[in-house]
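A.B. asks: Handing you a structure now.
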Amino acid sequence: MKPPEDKIRRLYAQVAFKVPLANAYSYIVPERLAGRIAPGKRVEAPFGSRRATGYCVSLSTTPPPTSALLKEIYGVVDSEVLLDAHMLDLGRWMAERYLAGWGEALEAALPAGVRCQTGNRNVLFLARPASEALETAVTWGARAAKRRRALETLVENDGRLSVSALAERAGVSSATVGSLVKLGLAVVRSVPTVRSRRRREPPVRDYRVDFDLTREQSWALRRISAAIDQKAFRPFLLFGVTGSGKTEVYLRAIEKVVRAGGQAVVLVPEISLTPQTVSRFRARFPNIALLHSHLSAGKRHREWRAIASGSADVVIGARSAVFAPAARLGLIVIDEEHENTFKQETSPRYHARDVALRRAEMLSIPVILGTATPSLETFHAAKSGLVERLDLPFRVEGRALPPVEIVDMREERAERKAFTIISRRLEYRMKKALSAGFQVILFLNRRGFATYLTCRRCGWVGKCPQCDITLTFHRSKNLVECHYCDYSARPPTECPECGHPNVRFFGAGTERVVDEVRALFPTASVARMDSDTMKTRHAYTKTLRDFRRGLTDVLVGTQMIVKGLDFPNVTVVGVISADVALNLPDFRAGERTFDLISQVAGRTGRGPAGGVVVVQTITPGHFAIRTAARHDYLSFAERELEHRKDLGYPPVAKMARIILRGSDLEKVKKTAARVRDALGATGVAGVNVLGPAPAFISRLSGRHRYNLIVKAPDRASLSAALDGVRKLVKSTGNVQGVIDIDPLSML
Ligand code: ADP
Ligand code: ZN
Ligand code: ZN
């Protein structure tokens, strides 16, 4: 006899969907699913008027307050748990910190290949022992002959056939096979099509590992080891120029963790995830998993499984590897912690550094933040004692940092009465290097040939019809392009305004630099490296290989060339214009410029021949440029921090940016004003709102953009102020709103 309804202990599930606002919704778990549902698996459930997939975040037997209206879950998607309790918690923290939905945060934690089970297929398994299942079938009448045949075929092929394959083999319909599932005799599970064949890589042996650590390295390692031993959350700033031995410290700290049976995650900027970096880690740790965007979805899924199953000891990856499902995680390393690529620019707009710190705190493990130019955020945290600073002040083997020569381009152009791209000083340095058989790197963070076109008669300037951005002329393609959307067109032969034929191109991009180099050094071979020429991974590898082999004399490129490359034969590095970064309307412009010059400087002076850096600028007196030229990070950071304090900018204050965009300018303005009023009405002390004002890029892909900047003395008041406008910003019909916490992009 069935127990009366109220005696059954009902199971309730809380489910988080990929929507921006809410946290989790409650559902009833029907009895047939009770054995399969678990927190960390995905489920399908009615959501509004549709059927949606969400993450089960918890189960309970106590009915939620609104239980009378609850709906039932339709089904359970995953056969295995994808997110453990720790990851579910981390997701909730992210949702709160970044004002995103819990489900959105969890979605970001799983690679698409894992979510889609790429490389997996659905297979039928018996849900009960074969004898028991067949016994049930005895009671079936003659009309269930087909179903019986399906069941018998399933018993013969347990775990090997999909629904359609079983239907075919048994000569029945898919619906008949489906009825076995409904009766609770069979279940569908997703299994890998290929056994994960993870090669154990033979260790690479071309790296020396037998040297003694320097005094500073030993001290750093001792401090980190102590935290590992104590199983304590402790963040370290490993502060040292390129070549000061930071990576060696990472490697030895990871060794300690792995030897004790733990796992380590190493985050690197996507662009420096080169074979060089990976093979250096592989030399010490044969069981490495990689997670980055150049992997196919199937490969990523396999790597993810290897981490989850515990067979990978070390995970190296870009931003999202901070979510690696390493159950025995003992250490997180973030190399080049100041890099912007650790911030995700779509919702949830998280910063991997902050997520890593939170994850480490939850797990009581140390974090190493390594860099030559700490972000002001990390520098500030170290000053306030939240992060322990470990300095590696010298390059190993005593090589000096290269001298930096500053060229005033206003003077240069005044004296030569022309728009010069390569100054006489840089030309002289290049000539000396090239004639002695050395190589040169020239950096300019603008691709294309000319950065704007204008009419000599009426002053018309070529702008993208959809964005408020000047068009860039690409001579090799003979196109003018917008670098913010996909607009491109043939360059006009006459002015669209006045018909004058004299439309001229101004400003220099990498294409034009290559031209200049060819004109000055006709016998030198020149290669260009930017996103126009480096469309494939292969092109990238080949260009670098040719340069390494000395087949190329001069390498011209955008920021692609300043990260992590090590060419001992490069003795001159030129920064064509340090002003590109400096002149952006962004309170971090100085910090970016300092980073850039420091990184560029790290690309030379690596060999016995030494090297020199030439920085061209029209603002030679700017303190970011002067301190960078002296390799004096501390002076720069102290002064910059004072500056930020005076103006109430991060890291001293907390900031959020609200972007409102839409095709109807009036509506955008009106919504922005309403958001401002609502922010004012929240009345949180110390909160300061700037704007609304048009964004620097005031129109993008046909949509107008308005900005509000919210500054607050601490995180709690920032959250309190934003909480009041969250709904308004994120749910305003024709106008779309974004809240970016700790924004890095101010454009
Ligand atoms: P960073 O990561 O700071 O750029 P690395 O750890 O890559 O520095 O060190 C630079 C080079 O010096 C590497 O080739 C490394 O193998 C070597 N190296 C590191 N520490 C020492 C040491 N204590 N003695 C000798 N060579 C070292
Ligand atoms: Zn004109
Ligand atoms: Zn555009």
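Chain labels follow the order of the structure tokens: the first chain is A, the next B, and so on; residue numbering restarts at 1 in every chain, and ligands are counted from 1 in their shown order.
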Please, which residues in segment 623-664 of chain A fall within 10 Å of segment 566-589 of chain A when counting only C-alpha atoms, and what is the closest atom pair and distance in Å to one decimal for each, ordered by chain then residue number, as JSON lines?
C.D. replies:
```
{"residue": "A:Ala624", "atom": "CA", "partner": "A:Leu582", "partner_atom": "CA", "distance": 8.9}
{"residue": "A:Ile625", "atom": "CA", "partner": "A:Ala578", "partner_atom": "CA", "distance": 8.1}
{"residue": "A:Glu640", "atom": "CA", "partner": "A:Arg588", "partner_atom": "CA", "distance": 9.3}
{"residue": "A:His643", "atom": "CA", "partner": "A:Phe587", "partner_atom": "CA", "distance": 9.8}
{"residue": "A:Arg644", "atom": "CA", "partner": "A:Phe587", "partner_atom": "CA", "distance": 8.3}
{"residue": "A:Leu647", "atom": "CA", "partner": "A:Phe587", "partner_atom": "CA", "distance": 9.6}
{"residue": "A:Tyr649", "atom": "CA", "partner": "A:Phe587", "partner_atom": "CA", "distance": 7.8}
{"residue": "A:Pro650", "atom": "CA", "partner": "A:Phe587", "partner_atom": "CA", "distance": 9.1}
```
A.B. asks: Pick out the residues sitting within 12 Å of Asp546 of chain A, and hand them over as a PyMOL selection string; count only C-alpha atoms, and ignore anything fewer than 3 positions along from it in its own chain.
C.D. replies: chain A and resi 439+525-528+539-543+549-555+567
A.B. asks: For Lys299 of chain A, please output as a PyMOL selection string all residues within 10 Å (counting only C-alpha atoms; exclusion window: fewer than 2 positions along the same chain).
C.D. replies: chain A and resi 113-114+118-119+196+290-291+294-297+301-305
A.B. asks: Residues as selected, N, CA and C atoms, written as a tab-separated table (two decimals), in the first residue's frame, can you do that?
C.D. replies:
```tsv
chain	number	residue	atom	x	y	z
A	113	GLY	N	33.16	22.73	-24.34
A	113	GLY	CA	33.32	21.31	-24.68
A	113	GLY	C	32.80	20.40	-23.58
A	114	VAL	N	32.89	20.86	-22.35
A	114	VAL	CA	32.39	20.06	-21.23
A	114	VAL	C	30.87	20.16	-21.18
A	118	THR	N	31.29	17.41	-25.80
A	118	THR	CA	31.92	17.15	-27.09
A	118	THR	C	32.79	15.90	-26.97
A	119	GLY	N	32.64	15.04	-27.97
A	119	GLY	CA	33.41	13.80	-27.94
A	119	GLY	C	32.72	12.72	-27.12
A	196	SER	N	40.07	8.41	-23.21
A	196	SER	CA	40.99	9.53	-23.21
A	196	SER	C	42.42	8.99	-23.18
A	290	LEU	N	46.51	21.33	-20.42
A	290	LEU	CA	46.45	22.69	-20.95
A	290	LEU	C	45.01	23.10	-21.14
A	291	LEU	N	44.71	24.34	-20.79
A	291	LEU	CA	43.36	24.85	-21.03
A	291	LEU	C	43.48	26.23	-21.66
A	294	HIS	N	42.87	28.03	-27.92
A	294	HIS	CA	43.28	27.47	-29.20
A	294	HIS	C	43.01	25.97	-29.30
A	295	LEU	N	42.59	25.36	-28.19
A	295	LEU	CA	42.27	23.94	-28.23
A	295	LEU	C	40.88	23.75	-28.81
A	296	SER	N	40.68	22.63	-29.51
A	296	SER	CA	39.33	22.32	-29.98
A	296	SER	C	38.47	21.98	-28.76
A	297	ALA	N	37.15	22.07	-28.95
A	297	ALA	CA	36.24	21.81	-27.83
A	297	ALA	C	36.44	20.40	-27.27
A	301	HIS	N	37.69	19.36	-23.54
A	301	HIS	CA	36.90	18.46	-22.71
A	301	HIS	C	37.80	17.36	-22.13
A	302	ARG	N	38.65	16.81	-22.97
A	302	ARG	CA	39.55	15.74	-22.51
A	302	ARG	C	40.50	16.23	-21.44
A	303	GLU	N	41.08	17.43	-21.66
A	303	GLU	CA	42.00	17.98	-20.67
A	303	GLU	C	41.26	18.21	-19.34
A	304	TRP	N	40.04	18.72	-19.47
A	304	TRP	CA	39.24	19.01	-18.27
A	304	TRP	C	38.98	17.72	-17.48
A	305	ARG	N	38.66	16.65	-18.22
A	305	ARG	CA	38.42	15.35	-17.57
A	305	ARG	C	39.68	14.84	-16.87
```
A.B. asks: Neighbours of ligand 3 within 7 Å, counting only C-alpha atoms and all ligand atoms, as JSON, numbers by chain?
C.D. replies: {"A": [464, 465, 466, 467, 469, 482, 483, 484, 485, 486, 487, 700, 701]}
A.B. asks: Output N, CA and C atoms for every residue in the selection just made, as a PDB file, in the first residue's frame.
C.D. replies:
```pdb
ATOM      1  N   CYS A 464      33.759  55.598 -39.392  1.00  0.00           N
ATOM      2  CA  CYS A 464      32.896  54.447 -39.596  1.00  0.00           C
ATOM      3  C   CYS A 464      31.437  54.910 -39.538  1.00  0.00           C
ATOM      4  N   PRO A 465      30.615  54.477 -40.512  1.00  0.00           N
ATOM      5  CA  PRO A 465      29.212  54.903 -40.487  1.00  0.00           C
ATOM      6  C   PRO A 465      28.454  54.340 -39.286  1.00  0.00           C
ATOM      7  N   GLN A 466      28.972  53.313 -38.643  1.00  0.00           N
ATOM      8  CA  GLN A 466      28.244  52.711 -37.523  1.00  0.00           C
ATOM      9  C   GLN A 466      28.848  53.056 -36.171  1.00  0.00           C
ATOM     10  N   CYS A 467      30.117  53.510 -36.184  1.00  0.00           N
ATOM     11  CA  CYS A 467      30.792  53.786 -34.919  1.00  0.00           C
ATOM     12  C   CYS A 467      31.367  55.193 -34.983  1.00  0.00           C
ATOM     13  N   ILE A 469      34.296  56.318 -34.786  1.00  0.00           N
ATOM     14  CA  ILE A 469      35.698  55.927 -34.778  1.00  0.00           C
ATOM     15  C   ILE A 469      36.271  56.232 -36.160  1.00  0.00           C
ATOM     16  N   CYS A 482      37.145  49.817 -40.100  1.00  0.00           N
ATOM     17  CA  CYS A 482      36.873  50.222 -38.723  1.00  0.00           C
ATOM     18  C   CYS A 482      37.452  49.131 -37.825  1.00  0.00           C
ATOM     19  N   HIS A 483      38.224  49.516 -36.815  1.00  0.00           N
ATOM     20  CA  HIS A 483      38.826  48.500 -35.955  1.00  0.00           C
ATOM     21  C   HIS A 483      37.924  48.101 -34.790  1.00  0.00           C
ATOM     22  N   TYR A 484      36.715  48.656 -34.781  1.00  0.00           N
ATOM     23  CA  TYR A 484      35.806  48.311 -33.685  1.00  0.00           C
ATOM     24  C   TYR A 484      34.588  47.518 -34.146  1.00  0.00           C
ATOM     25  N   CYS A 485      34.311  47.530 -35.465  1.00  0.00           N
ATOM     26  CA  CYS A 485      33.242  46.670 -35.967  1.00  0.00           C
ATOM     27  C   CYS A 485      33.767  46.076 -37.269  1.00  0.00           C
ATOM     28  N   ASP A 486      32.906  45.431 -38.054  1.00  0.00           N
ATOM     29  CA  ASP A 486      33.439  44.754 -39.241  1.00  0.00           C
ATOM     30  C   ASP A 486      33.328  45.606 -40.511  1.00  0.00           C
ATOM     31  N   TYR A 487      33.074  46.915 -40.368  1.00  0.00           N
ATOM     32  CA  TYR A 487      32.915  47.763 -41.546  1.00  0.00           C
ATOM     33  C   TYR A 487      34.224  47.911 -42.314  1.00  0.00           C
ATOM     34  N   LEU A 700      28.878  52.613 -31.299  1.00  0.00           N
ATOM     35  CA  LEU A 700      29.566  51.377 -31.653  1.00  0.00           C
ATOM     36  C   LEU A 700      28.564  50.463 -32.345  1.00  0.00           C
ATOM     37  N   SER A 701      28.912  50.026 -33.562  1.00  0.00           N
ATOM     38  CA  SER A 701      28.022  49.179 -34.351  1.00  0.00           C
ATOM     39  C   SER A 701      26.598  49.721 -34.381  1.00  0.00           C
TER      40      SER A 701
END
```
A.B. asks: Using only C-alpha atoms and all ligand atoms, which residues of the polymer chains come no farther than 10 Å from ligand 2? I'd like the answer as an NGL selection string.
C.D. replies: :A and (454-461 or 494-503)
A.B. asks: Keeping only N, CA and C atoms, write those residues as a tab-separated table (two decimals), in the first residue's frame.
C.D. replies:
```tsv
chain	number	residue	atom	x	y	z
A	454	THR	N	41.65	62.29	-44.33
A	454	THR	CA	40.97	63.57	-44.22
A	454	THR	C	41.05	64.32	-45.55
A	455	CYS	N	40.06	65.20	-45.77
A	455	CYS	CA	40.04	66.01	-46.98
A	455	CYS	C	40.84	67.28	-46.76
A	456	ARG	N	41.72	67.57	-47.68
A	456	ARG	CA	42.59	68.74	-47.52
A	456	ARG	C	41.83	70.05	-47.68
A	457	ARG	N	40.66	69.98	-48.34
A	457	ARG	CA	39.96	71.23	-48.55
A	457	ARG	C	38.94	71.52	-47.44
A	458	CYS	N	38.03	70.58	-47.17
A	458	CYS	CA	36.94	70.90	-46.25
A	458	CYS	C	37.15	70.31	-44.85
A	459	GLY	N	38.18	69.50	-44.67
A	459	GLY	CA	38.45	68.98	-43.33
A	459	GLY	C	37.64	67.74	-42.97
A	460	TRP	N	36.90	67.19	-43.95
A	460	TRP	CA	36.15	65.95	-43.71
A	460	TRP	C	37.12	64.86	-43.20
A	461	VAL	N	36.65	64.08	-42.21
A	461	VAL	CA	37.46	62.98	-41.68
A	461	VAL	C	36.69	61.68	-41.88
A	494	GLU	N	37.69	60.64	-53.98
A	494	GLU	CA	37.43	62.06	-53.79
A	494	GLU	C	36.63	62.24	-52.51
A	495	CYS	N	36.64	63.47	-51.99
A	495	CYS	CA	35.98	63.73	-50.72
A	495	CYS	C	34.47	63.54	-50.84
A	496	PRO	N	33.87	62.73	-49.98
A	496	PRO	CA	32.42	62.53	-50.05
A	496	PRO	C	31.64	63.80	-49.71
A	497	GLU	N	32.26	64.76	-49.05
A	497	GLU	CA	31.59	66.01	-48.68
A	497	GLU	C	31.62	67.04	-49.81
A	498	CYS	N	32.85	67.32	-50.31
A	498	CYS	CA	32.99	68.44	-51.24
A	498	CYS	C	33.49	68.02	-52.63
A	499	GLY	N	33.79	66.73	-52.79
A	499	GLY	CA	34.20	66.26	-54.11
A	499	GLY	C	35.64	66.55	-54.47
A	500	HIS	N	36.38	67.16	-53.56
A	500	HIS	CA	37.78	67.47	-53.81
A	500	HIS	C	38.58	66.17	-53.95
A	501	PRO	N	39.48	66.08	-54.93
A	501	PRO	CA	40.18	64.81	-55.13
A	501	PRO	C	41.31	64.57	-54.12
A	502	ASN	N	41.67	65.57	-53.34
A	502	ASN	CA	42.85	65.42	-52.50
A	502	ASN	C	42.52	64.88	-51.10
A	503	VAL	N	42.15	63.60	-51.03
A	503	VAL	CA	41.94	62.96	-49.73
A	503	VAL	C	43.27	62.35	-49.29
```
A.B. asks: Please, which residues in chain A fall within 7 Å of ligand 1 when counting only C-alpha atoms and all ligand atoms, and what is the closest atom pair and distance in Å to one decimal for each, ordered by chain then residue number, as a tab-separated table?
C.D. replies:
```
residue	atom	partner	partner_atom_place_in_ligand_line	distance
A:Tyr207	CA	ligand 1	16 (O)	6.7
A:Arg208	CA	ligand 1	16 (O)	6.2
A:Phe211	CA	ligand 1	24 (N)	5.1
A:Asp212	CA	ligand 1	23 (N)	5.1
A:Leu213	CA	ligand 1	23 (N)	3.5
A:Thr214	CA	ligand 1	23 (N)	4.6
A:Gln217	CA	ligand 1	23 (N)	7.0
A:Gly240	CA	ligand 1	3 (O)	6.0
A:Val241	CA	ligand 1	3 (O)	5.8
A:Thr242	CA	ligand 1	4 (O)	3.7
A:Gly243	CA	ligand 1	4 (O)	3.5
A:Ser244	CA	ligand 1	3 (O)	4.0
A:Gly245	CA	ligand 1	6 (O)	3.1
A:Lys246	CA	ligand 1	3 (O)	3.7
A:Thr247	CA	ligand 1	6 (O)	3.6
A:Glu248	CA	ligand 1	6 (O)	4.0
A:Val249	CA	ligand 1	6 (O)	6.8
A:Val396	CA	ligand 1	12 (O)	5.5
A:Glu397	CA	ligand 1	25 (C)	6.5
```
A.B. asks: Give me the residues near segment 179-184 of chain A as a ChimeraX atom specification, where near means some atom within 8 Å (using only C-alpha atoms) and where sequence neighbours in that chain fewer than 5 positions away do not count.
C.D. replies: /A:32,127,147,151
A.B. asks: Output the selection as a compact mmCIF listing (two decimals), in the first residue's frame - N, CA, C and O atoms for each residue.
C.D. replies:
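Saved file again_15.txt follows:
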```
# COMPACT_ATOMS: atom_id res chain seq x y z
N ARG A 32 10.99 9.77 -9.84
CA ARG A 32 11.81 8.99 -10.77
C ARG A 32 13.21 9.61 -10.94
O ARG A 32 14.13 8.96 -11.42
N ALA A 127 19.11 0.02 -15.68
CA ALA A 127 19.06 0.74 -14.41
C ALA A 127 18.98 -0.23 -13.23
O ALA A 127 19.13 0.17 -12.09
N ARG A 147 8.29 -4.41 -26.42
CA ARG A 147 9.03 -3.81 -25.31
C ARG A 147 9.95 -4.86 -24.68
O ARG A 147 11.08 -4.58 -24.30
N LEU A 151 13.97 -4.82 -24.26
CA LEU A 151 14.66 -5.04 -22.99
C LEU A 151 15.70 -6.14 -23.12
O LEU A 151 16.84 -6.02 -22.64
```
A.B. asks: DSSP on the backbone, then: every residue of segment 556-684 of chain A marked helix (DSSP H, G or I), written as an mmCIF file with C-alpha atoms, in the first residue's frame.
C.D. replies:
```cif
data_model
loop_
_atom_site.group_PDB
_atom_site.id
_atom_site.type_symbol
_atom_site.label_atom_id
_atom_site.label_comp_id
_atom_site.auth_asym_id
_atom_site.auth_seq_id
_atom_site.Cartn_x
_atom_site.Cartn_y
_atom_site.Cartn_z
ATOM 1 C CA GLN A 559 51.639 44.149 -28.635
ATOM 2 C CA MET A 560 51.790 40.621 -29.952
ATOM 3 C CA ILE A 561 55.583 40.914 -30.000
ATOM 4 C CA ASP A 579 51.967 58.233 -26.860
ATOM 5 C CA VAL A 580 49.374 55.857 -28.269
ATOM 6 C CA ALA A 581 48.690 54.396 -24.839
ATOM 7 C CA LEU A 582 49.445 57.579 -22.936
ATOM 8 C CA ALA A 589 47.068 55.404 -19.207
ATOM 9 C CA GLY A 590 50.261 56.049 -17.224
ATOM 10 C CA GLU A 591 50.298 52.544 -15.797
ATOM 11 C CA ARG A 592 49.813 51.020 -19.257
ATOM 12 C CA THR A 593 52.611 53.109 -20.710
ATOM 13 C CA PHE A 594 54.985 52.143 -17.911
ATOM 14 C CA ASP A 595 54.144 48.441 -18.415
ATOM 15 C CA LEU A 596 54.614 48.713 -22.125
ATOM 16 C CA ILE A 597 58.063 50.284 -21.974
ATOM 17 C CA SER A 598 59.177 47.817 -19.302
ATOM 18 C CA GLN A 599 57.982 44.838 -21.294
ATOM 19 C CA VAL A 600 59.533 46.078 -24.471
ATOM 20 C CA ALA A 601 62.779 46.638 -22.600
ATOM 21 C CA PHE A 623 56.745 60.650 -15.266
ATOM 22 C CA ALA A 624 55.556 57.265 -16.530
ATOM 23 C CA ILE A 625 58.052 57.526 -19.374
ATOM 24 C CA ARG A 626 60.868 58.926 -17.262
ATOM 25 C CA THR A 627 60.556 56.304 -14.518
ATOM 26 C CA ALA A 628 60.182 53.487 -17.059
ATOM 27 C CA ALA A 629 63.371 54.656 -18.758
ATOM 28 C CA TYR A 633 58.899 50.773 -10.886
ATOM 29 C CA LEU A 634 58.750 51.740 -7.224
ATOM 30 C CA SER A 635 59.026 55.484 -7.866
ATOM 31 C CA PHE A 636 56.402 55.210 -10.547
ATOM 32 C CA ALA A 637 54.009 53.202 -8.402
ATOM 33 C CA GLU A 638 54.362 55.376 -5.301
ATOM 34 C CA ARG A 639 53.650 58.525 -7.260
ATOM 35 C CA GLU A 640 50.829 56.954 -9.271
ATOM 36 C CA LEU A 641 49.227 55.687 -6.084
ATOM 37 C CA GLU A 642 49.286 59.192 -4.581
ATOM 38 C CA HIS A 643 47.671 60.448 -7.727
ATOM 39 C CA ARG A 644 44.917 57.830 -7.562
ATOM 40 C CA LYS A 645 44.344 58.646 -3.911
ATOM 41 C CA ASP A 646 43.940 62.355 -4.708
ATOM 42 C CA LEU A 647 41.426 61.653 -7.457
ATOM 43 C CA LEU A 665 19.871 58.225 -28.517
ATOM 44 C CA GLU A 666 17.039 59.917 -26.617
ATOM 45 C CA LYS A 667 16.049 56.694 -24.906
ATOM 46 C CA VAL A 668 19.652 55.979 -23.957
ATOM 47 C CA LYS A 669 20.004 59.450 -22.450
ATOM 48 C CA LYS A 670 16.731 59.147 -20.571
ATOM 49 C CA THR A 671 17.616 55.780 -19.089
ATOM 50 C CA ALA A 672 21.055 57.050 -18.115
ATOM 51 C CA ALA A 673 19.470 59.981 -16.293
ATOM 52 C CA ARG A 674 17.082 57.646 -14.481
ATOM 53 C CA VAL A 675 19.979 55.440 -13.403
ATOM 54 C CA ARG A 676 21.816 58.500 -12.093
ATOM 55 C CA ASP A 677 18.754 59.613 -10.133
ATOM 56 C CA ALA A 678 18.290 56.138 -8.709
ATOM 57 C CA LEU A 679 21.943 56.036 -7.658
ATOM 58 C CA GLY A 680 21.497 59.383 -5.961
ATOM 59 C CA ALA A 681 18.404 58.126 -4.181
ATOM 60 C CA THR A 682 20.167 55.138 -2.608
#
```
A.B. asks: Give the answer as one residue: which of A:Arg97, A:Arg280, A:Arg657, A:Arg490 has the shortest atom-to-atom distance to Asp354 of chain A, using only C-alpha atoms?
C.D. replies: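 Under the stated criterion, the closest residue is A:Arg97.
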A.B. asks: Which residues are near Gly648 of chain A? Cut-off 9 Å, only C-alpha atoms, ignore same chain within fewer than 6 positions. Put them as a PyMOL selection string.
C.D. replies: chain A and resi 654+711-713
A.B. asks: Those same residues, written as a compact mmCIF listing (two decimals), in the first residue's frame with N, CA, C and O atoms?
C.D. replies:
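Result went into part_20.txt, see below:
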```
# COMPACT_ATOMS: atom_id res chain seq x y z
N LYS A 654 36.97 52.08 -4.76
CA LYS A 654 36.40 51.05 -5.62
C LYS A 654 35.55 51.72 -6.69
O LYS A 654 34.94 52.75 -6.45
N LYS A 711 31.99 55.74 -7.99
CA LYS A 711 33.16 55.56 -7.13
C LYS A 711 32.70 55.47 -5.68
O LYS A 711 31.78 56.19 -5.28
N ALA A 712 33.32 54.58 -4.93
CA ALA A 712 32.92 54.40 -3.54
C ALA A 712 34.16 54.14 -2.69
O ALA A 712 35.15 53.62 -3.20
N PRO A 713 34.11 54.50 -1.42
CA PRO A 713 35.30 54.33 -0.58
C PRO A 713 35.66 52.87 -0.33
O PRO A 713 36.82 52.55 -0.07
```
A.B. asks: What is the distance between atom CA of Val517 of chain A and atom CA of Met529 of chain A, in Å to one decimal?
C.D. replies: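 Straight-line distance from atom CA of Val517 of chain A to atom CA of Met529 of chain A works out to 14.3 Å.
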A.B. asks: Please compute the atom CA of Thr277 of chain A-atom CA of Ala289 of chain A distance, one decimal, in Å.
C.D. replies: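 We find that atom CA of Thr277 of chain A and atom CA of Ala289 of chain A lie 13.1 Å from each other.
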